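**Q** This is start_22.csv, which holds CSV, C-alpha atoms:
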```csv
chain,number,residue,atom,x,y,z
A,1,MET,CA,0.0,0.0,0.0
A,2,GLN,CA,2.8,2.4,0.8
A,3,GLN,CA,4.5,1.8,-2.6
A,4,GLN,CA,1.2,2.2,-4.4
A,5,ALA,CA,0.5,5.5,-2.5
A,6,GLY,CA,4.0,6.7,-3.3
A,7,SER,CA,3.7,6.0,-7.0
A,8,MET,CA,0.3,7.7,-7.1
A,9,GLU,CA,1.8,10.8,-5.4
A,10,SER,CA,4.7,10.8,-8.0
A,11,LYS,CA,2.1,10.5,-10.8
A,12,GLN,CA,0.2,13.5,-9.4
A,13,ARG,CA,3.3,15.6,-9.3
A,14,THR,CA,4.3,14.9,-12.9
A,15,GLN,CA,0.8,15.4,-14.3
A,16,ASN,CA,1.2,19.2,-14.1
A,17,PRO,CA,5.0,19.9,-13.9
A,18,GLN,CA,4.4,23.5,-14.8
A,19,LEU,CA,2.3,23.9,-11.6
A,20,GLU,CA,5.0,22.6,-9.3
A,21,HIS,CA,7.5,24.7,-7.5
A,22,ALA,CA,10.2,26.2,-9.7
A,23,SER,CA,13.6,24.5,-9.5
A,24,SER,CA,15.6,26.5,-6.9
A,25,TYR,CA,17.5,26.2,-3.7
A,26,TYR,CA,14.4,27.0,-1.8
A,27,ALA,CA,12.3,24.3,-3.5
A,28,ALA,CA,15.2,21.8,-3.0
A,29,SER,CA,15.4,22.6,0.8
A,30,ALA,CA,11.7,23.1,1.5
A,31,ASN,CA,10.2,21.5,4.6
A,32,PRO,CA,7.9,18.5,3.9
A,33,SER,CA,4.4,19.6,2.8
A,34,PRO,CA,1.4,17.5,1.9
A,35,LEU,CA,-0.1,17.4,-1.6
A,36,ARG,CA,-3.4,19.1,-1.0
A,37,GLU,CA,-6.7,18.1,-2.7
A,38,THR,CA,-8.1,19.7,-5.8
A,39,LEU,CA,-11.6,21.3,-5.3
A,40,LYS,CA,-14.1,19.2,-7.2
A,41,GLU,CA,-17.4,20.0,-5.5
A,42,ASP,CA,-19.3,22.9,-4.1
A,43,VAL,CA,-18.3,24.1,-0.7
A,44,THR,CA,-19.8,26.8,1.6
A,45,THR,CA,-17.6,29.2,3.6
A,46,ASP,CA,-17.6,32.7,5.1
A,47,VAL,CA,-14.6,33.9,3.0
A,48,CYS,CA,-12.9,32.5,-0.1
A,49,ILE,CA,-9.4,33.6,-0.7
A,50,ILE,CA,-7.8,33.3,-4.1
A,51,GLY,CA,-4.1,32.5,-4.0
A,52,ALA,CA,-1.9,30.7,-1.3
A,53,GLY,CA,0.9,33.2,-1.3
A,54,TYR,CA,1.9,35.5,1.6
A,55,THR,CA,-1.1,37.9,1.1
A,56,GLY,CA,-3.7,35.1,0.9
A,57,LEU,CA,-2.2,33.0,3.7
A,58,SER,CA,-1.7,35.9,6.1
A,59,SER,CA,-5.3,37.1,5.4
A,60,ALA,CA,-6.6,33.6,6.1
A,61,LEU,CA,-4.8,33.5,9.4
A,62,HIS,CA,-6.2,36.9,10.5
A,63,LEU,CA,-9.7,35.8,9.5
A,64,LEU,CA,-9.5,32.4,11.2
A,65,GLU,CA,-8.2,34.0,14.4
A,66,ALA,CA,-11.3,36.3,14.2
A,67,GLY,CA,-13.6,33.3,14.0
A,68,PHE,CA,-14.4,33.1,10.3
A,69,ASN,CA,-14.6,30.0,8.2
A,70,VAL,CA,-12.0,30.3,5.3
A,71,VAL,CA,-11.2,28.4,2.1
A,72,VAL,CA,-8.1,29.2,0.1
A,73,LEU,CA,-8.0,28.3,-3.6
A,74,GLU,CA,-4.5,28.0,-5.2
A,75,ALA,CA,-4.1,27.4,-8.9
A,76,ALA,CA,-0.7,25.6,-8.4
A,77,ARG,CA,1.0,24.9,-5.1
A,78,VAL,CA,1.3,26.8,-1.8
A,79,GLY,CA,4.0,29.5,-2.3
A,80,TRP,CA,4.3,28.7,-6.0
A,81,GLY,CA,4.7,32.3,-7.2
A,82,ALA,CA,6.8,35.1,-5.9
A,83,SER,CA,6.1,34.2,-2.3
A,84,GLY,CA,8.2,31.0,-2.7
A,85,ARG,CA,10.8,32.4,-5.1
A,86,ASN,CA,11.9,35.8,-3.6
A,87,GLY,CA,15.2,36.6,-2.0
A,88,GLY,CA,13.8,36.2,1.5
A,89,GLN,CA,14.9,39.6,2.7
A,90,ILE,CA,12.9,41.5,5.3
A,91,VAL,CA,13.5,45.1,4.2
A,92,ASN,CA,11.5,48.0,5.5
A,93,SER,CA,10.1,50.8,3.3
A,94,TYR,CA,8.7,50.8,-0.3
A,95,SER,CA,10.1,51.2,-3.8
A,96,ARG,CA,10.1,54.9,-3.0
A,97,ASP,CA,11.0,56.0,0.5
A,98,ILE,CA,8.6,57.7,2.9
A,99,ASP,CA,10.0,61.2,2.3
A,100,VAL,CA,9.2,60.9,-1.4
A,101,ILE,CA,5.8,59.6,-0.6
A,102,GLU,CA,5.2,62.5,1.8
A,103,LYS,CA,5.8,65.0,-1.1
A,104,THR,CA,2.9,63.4,-2.9
A,105,VAL,CA,0.3,62.6,-0.2
A,106,GLY,CA,1.2,65.0,2.6
A,107,LYS,CA,2.5,64.4,6.1
A,108,GLU,CA,-0.6,62.9,7.7
A,109,LYS,CA,-1.0,60.1,5.1
A,110,ALA,CA,2.8,59.6,4.9
A,111,ARG,CA,2.6,58.9,8.7
A,112,LEU,CA,0.3,56.0,8.0
A,113,PHE,CA,2.7,54.7,5.3
A,114,GLY,CA,5.5,55.0,7.8
A,115,GLU,CA,3.6,52.8,10.3
A,116,MET,CA,2.8,50.2,7.6
A,117,ALA,CA,6.4,50.1,6.4
A,118,PHE,CA,7.6,48.6,9.7
A,119,GLU,CA,4.5,46.5,10.4
A,120,GLY,CA,5.3,43.7,7.9
A,121,GLY,CA,8.4,42.5,9.6
A,122,LYS,CA,6.6,42.5,13.0
A,123,ILE,CA,3.8,40.4,11.5
A,124,ILE,CA,6.2,37.9,10.1
A,125,ARG,CA,8.0,37.5,13.4
A,126,GLU,CA,4.7,37.2,15.3
A,127,ARG,CA,3.5,34.4,12.9
A,128,VAL,CA,6.9,32.6,13.1
A,129,GLU,CA,6.8,32.6,16.9
A,130,LYS,CA,3.1,31.9,17.4
A,131,TYR,CA,2.9,29.0,15.0
A,132,ASN,CA,6.5,27.7,15.4
A,133,ILE,CA,7.3,28.1,11.7
A,134,GLU,CA,10.7,26.8,10.8
A,135,CYS,CA,11.9,29.2,8.1
A,136,ASP,CA,15.5,30.0,9.1
A,137,LEU,CA,14.6,33.5,10.4
A,138,LYS,CA,17.7,35.6,10.9
A,139,ASN,CA,17.5,39.1,12.4
A,140,GLY,CA,19.3,42.2,11.1
A,141,GLY,CA,20.1,43.7,7.7
A,142,VAL,CA,23.0,45.9,6.6
A,143,PHE,CA,23.0,48.8,4.1
A,144,ALA,CA,26.6,49.3,3.0
A,145,ALA,CA,28.2,52.5,1.9
A,146,LEU,CA,31.1,52.7,-0.7
A,147,ASN,CA,31.9,56.4,-0.1
A,148,ALA,CA,31.2,59.4,2.1
A,149,LYS,CA,28.3,60.5,0.0
A,150,GLN,CA,26.5,57.2,0.5
A,151,MET,CA,27.3,57.4,4.2
A,152,HIS,CA,25.6,60.8,4.4
A,153,GLU,CA,22.6,59.3,2.6
A,154,LEU,CA,22.4,56.5,5.2
A,155,GLU,CA,22.5,59.1,8.0
A,156,HIS,CA,19.5,60.8,6.4
A,157,GLN,CA,17.8,57.4,6.1
A,158,LYS,CA,18.4,56.7,9.7
A,159,ALA,CA,16.9,60.0,10.8
A,160,LEU,CA,13.9,59.5,8.5
A,161,TRP,CA,13.1,56.0,9.7
A,162,GLU,CA,13.5,57.0,13.3
A,163,ARG,CA,11.0,59.8,12.8
A,164,HIS,CA,8.5,57.1,11.7
A,165,GLY,CA,9.2,54.8,14.7
A,166,ASN,CA,12.1,52.5,13.8
A,167,ASP,CA,14.3,52.6,16.8
A,168,GLN,CA,16.5,49.6,15.9
A,169,LEU,CA,19.0,51.4,13.7
A,170,GLU,CA,22.8,51.7,14.2
A,171,MET,CA,25.4,53.5,12.1
A,172,LEU,CA,28.5,51.4,11.3
A,173,ASN,CA,32.0,52.7,10.8
A,174,GLN,CA,34.5,50.9,8.6
A,175,ASN,CA,35.7,48.5,11.4
A,176,ASP,CA,32.1,47.7,12.4
A,177,ILE,CA,31.0,46.8,8.9
A,178,ARG,CA,34.2,44.8,8.2
A,179,SER,CA,33.4,42.6,11.2
A,180,MET,CA,30.0,41.8,9.6
A,181,VAL,CA,30.8,41.3,6.0
A,182,ASP,CA,34.5,40.6,6.0
A,183,THR,CA,35.6,43.1,3.4
A,184,GLU,CA,37.5,46.4,3.2
A,185,ARG,CA,35.3,47.5,0.3
A,186,TYR,CA,32.9,49.6,2.4
A,187,VAL,CA,33.6,52.8,4.4
A,188,GLY,CA,30.6,52.1,6.7
A,189,GLY,CA,27.0,51.4,6.7
A,190,LEU,CA,23.6,51.2,8.5
A,191,LEU,CA,22.5,48.2,10.5
A,192,ASP,CA,18.7,47.8,10.7
A,193,LYS,CA,18.1,45.3,13.5
A,194,SER,CA,14.4,45.1,12.5
A,195,GLY,CA,15.4,43.7,9.0
A,196,GLY,CA,16.3,40.2,8.4
A,197,HIS,CA,16.2,37.1,6.2
A,198,ILE,CA,13.9,34.1,5.9
A,199,HIS,CA,13.6,30.9,3.8
A,200,PRO,CA,10.7,32.4,1.8
A,201,LEU,CA,9.1,29.1,0.6
A,202,ASN,CA,9.2,27.6,4.1
A,203,LEU,CA,7.5,30.7,5.5
A,204,ALA,CA,4.6,30.2,3.1
A,205,LEU,CA,4.4,26.4,3.8
A,206,GLY,CA,4.5,27.1,7.6
A,207,GLU,CA,1.7,29.7,7.3
A,208,ALA,CA,-0.3,27.2,5.2
A,209,ALA,CA,0.1,24.6,8.0
A,210,ALA,CA,-1.0,27.2,10.5
A,211,VAL,CA,-4.1,28.0,8.4
A,212,GLU,CA,-5.0,24.3,8.4
A,213,SER,CA,-4.3,24.0,12.2
A,214,LEU,CA,-7.1,26.6,12.7
A,215,GLY,CA,-9.6,24.7,10.6
A,216,GLY,CA,-9.0,26.5,7.3
A,217,ASN,CA,-9.1,24.5,4.1
A,218,ILE,CA,-6.6,24.9,1.3
A,219,TYR,CA,-7.1,23.4,-2.2
A,220,GLU,CA,-4.2,23.2,-4.6
A,221,HIS,CA,-4.4,22.9,-8.4
A,222,SER,CA,-7.7,24.7,-8.1
A,223,ALA,CA,-7.8,27.8,-10.3
```
What would the structure in this file look like if it were written as structure tokens?
**A**
Amino acid sequence: MQQQAGSMESKQRTQNPQLEHASSYYAASANPSPLRETLKEDVTTDVCIIGAGYTGLSSALHLLEAGFNVVVLEAARVGWGASGRNGGQIVNSYSRDIDVIEKTVGKEKARLFGEMAFEGGKIIRERVEKYNIECDLKNGGVFAALNAKQMHELEHQKALWERHGNDQLEMLNQNDIRSMVDTERYVGGLLDKSGGHIHPLNLALGEAAAVESLGGNIYEHSA
């Protein structure tokens, strides 16, 4: 029976190879995860979420914790898209920093953007701790400076982020940064202790397991 089940699982995996996780270090080192059922019948739920990436899984957790019934539909596998393929960096801010946003939307709305910029990392850490997610979470991120001009920009960055509530920042001199990255290339840098790194696919898989532990249902290969 075990051999038969194993061959059936292998057959399922090869039926839609384009819907399996992309070949990568993260896929090769992913934690064990079950093959989930395809939705083949009508089901009733309070909330249906489309996509088992970070946004869908995190939303499902918040809703389940609030007492809602939740179904998540995923066209491929949990974490199949960008959530399982990104660089795994926890970096605060946006593609444009808060001071640039402030020039467009004003100080009051920029304050809200500032709060959200540092909220994501806190949510990740809360989820990892609460649900015991094994995703190789490492704390801290370094912004390196090649010259005095870049150091000045990082000093401005530090002041900006502190104004929006990030109190985990530390300027690094040349000796400080050398002890962290083992090169004489940089003149200094900025350490953001609220930054970090994760195994991105394992975070998604861990959040999916947390969803199911709360009674949520996830269907894979279910566009």
**Q** May I have the residues within 9 Å of Asp46 (chain A) as a list in words, using only C-alpha atoms and disregarding those fewer than 3 positions away in the same chain?
**A**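 With the cut-off at 9 Å, the set is Phe68, Asn69, Val70 and Val71 of chain A.
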**Q** In file coordinates, which residues lie within 9 Å of (17.7, 49.2, 10.5) using only C-alpha atoms, given as a VMD selection string?
**A** chain A and resid 91 to 92 140 to 143 158 161 166 to 171 190 to 195
**Q** Taking into account only C-alpha atoms, which residue in the set A:Glu20, A:Asp176, A:Asp136, A:Asp97 is nearest to Glu74 (chain A)?
**A**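 For Glu74 (chain A), the nearest of the given residues is A:Glu20.
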**Q** Find the residue from A:Pro32, A:Gly216, A:Gly121, A:Gly53 that sits nearest to Asn86 (chain A); use all atoms listed in the file when measuring.
**A**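 Distance minimum relative to Asn86 (chain A) lands on A:Gly53.
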**Q** Show which residues sit within 10 Å of region 197-207 of chain A, as a VMD selection string. Count all atoms listed in the file, and ignore same-chain residues fewer than 6 positions away.
**A** chain A and resid 21 25 to 27 29 to 34 52 to 58 60 to 61 77 to 91 124 127 to 128 131 to 141 213
**Q** Restricting the calculation to only C-alpha atoms: of A:Tyr186, A:Ile218, A:Ala148, A:His164, which residue gets closest to Glu108 (chain A)?
**A**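 Ranked by minimum distance to Glu108 (chain A), first place goes to A:His164.
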**Q** Rounded to one decimal in Å, what is the spacing between CA of Gly215 (chain A) and CA of Gly67 (chain A)?
**A** 10.1 Å
**Q** Quick one: of A:Ile123, A:Glu37, A:Gly188, A:Val181, who's nearest to Ser59 (chain A), counting all atoms listed in the file?
**A**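 Distance minimum relative to Ser59 (chain A) lands on A:Ile123.
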**Q** Looking at all atoms listed in the file, which of A:Thr104, A:Ala159, A:Ala22, A:Gly189 is the one that sits closest to Asn147 (chain A)?
**A**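 Among the listed residues, A:Gly189 lies closest to Asn147 (chain A).
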**Q** For the atom pair CA of Ser179 (chain A) and CA of Arg96 (chain A), what is the interatomic distance in Å to one decimal place?
**A**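 It comes out at 29.9 Å.
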**Q** Suppose you want the space between CA of Asn173 (chain A) and CA of Val187 (chain A); what is it in Å?
**A**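 Separating CA of Asn173 (chain A) from CA of Val187 (chain A) is a distance of 6.6 Å.
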**Q** Skipping near chain neighbours, those fewer than 4 positions away, what residues fall within 8 Å of Gly114 (chain A) using all atoms listed in the file, listed as an MDAnalysis selection string?
**A** chainID A and resid 93 98 110 118 161 164:165
**Q** May I have the residues from that selection written out with C-alpha atoms, as a compact mmCIF listing (two decimals), in the coordinates of the input?
**A**
```
# COMPACT_ATOMS: atom_id res chain seq x y z
CA SER A 93 10.10 50.80 3.30
CA ILE A 98 8.60 57.70 2.90
CA ALA A 110 2.80 59.60 4.90
CA PHE A 118 7.60 48.60 9.70
CA TRP A 161 13.10 56.00 9.70
CA HIS A 164 8.50 57.10 11.70
CA GLY A 165 9.20 54.80 14.70
```
**Q** Counting only C-alpha atoms, figure out which residue out of A:Leu19, A:Leu63, A:Val72, A:Val47 gets nearest to Asn217 (chain A).
**A** A:Val72
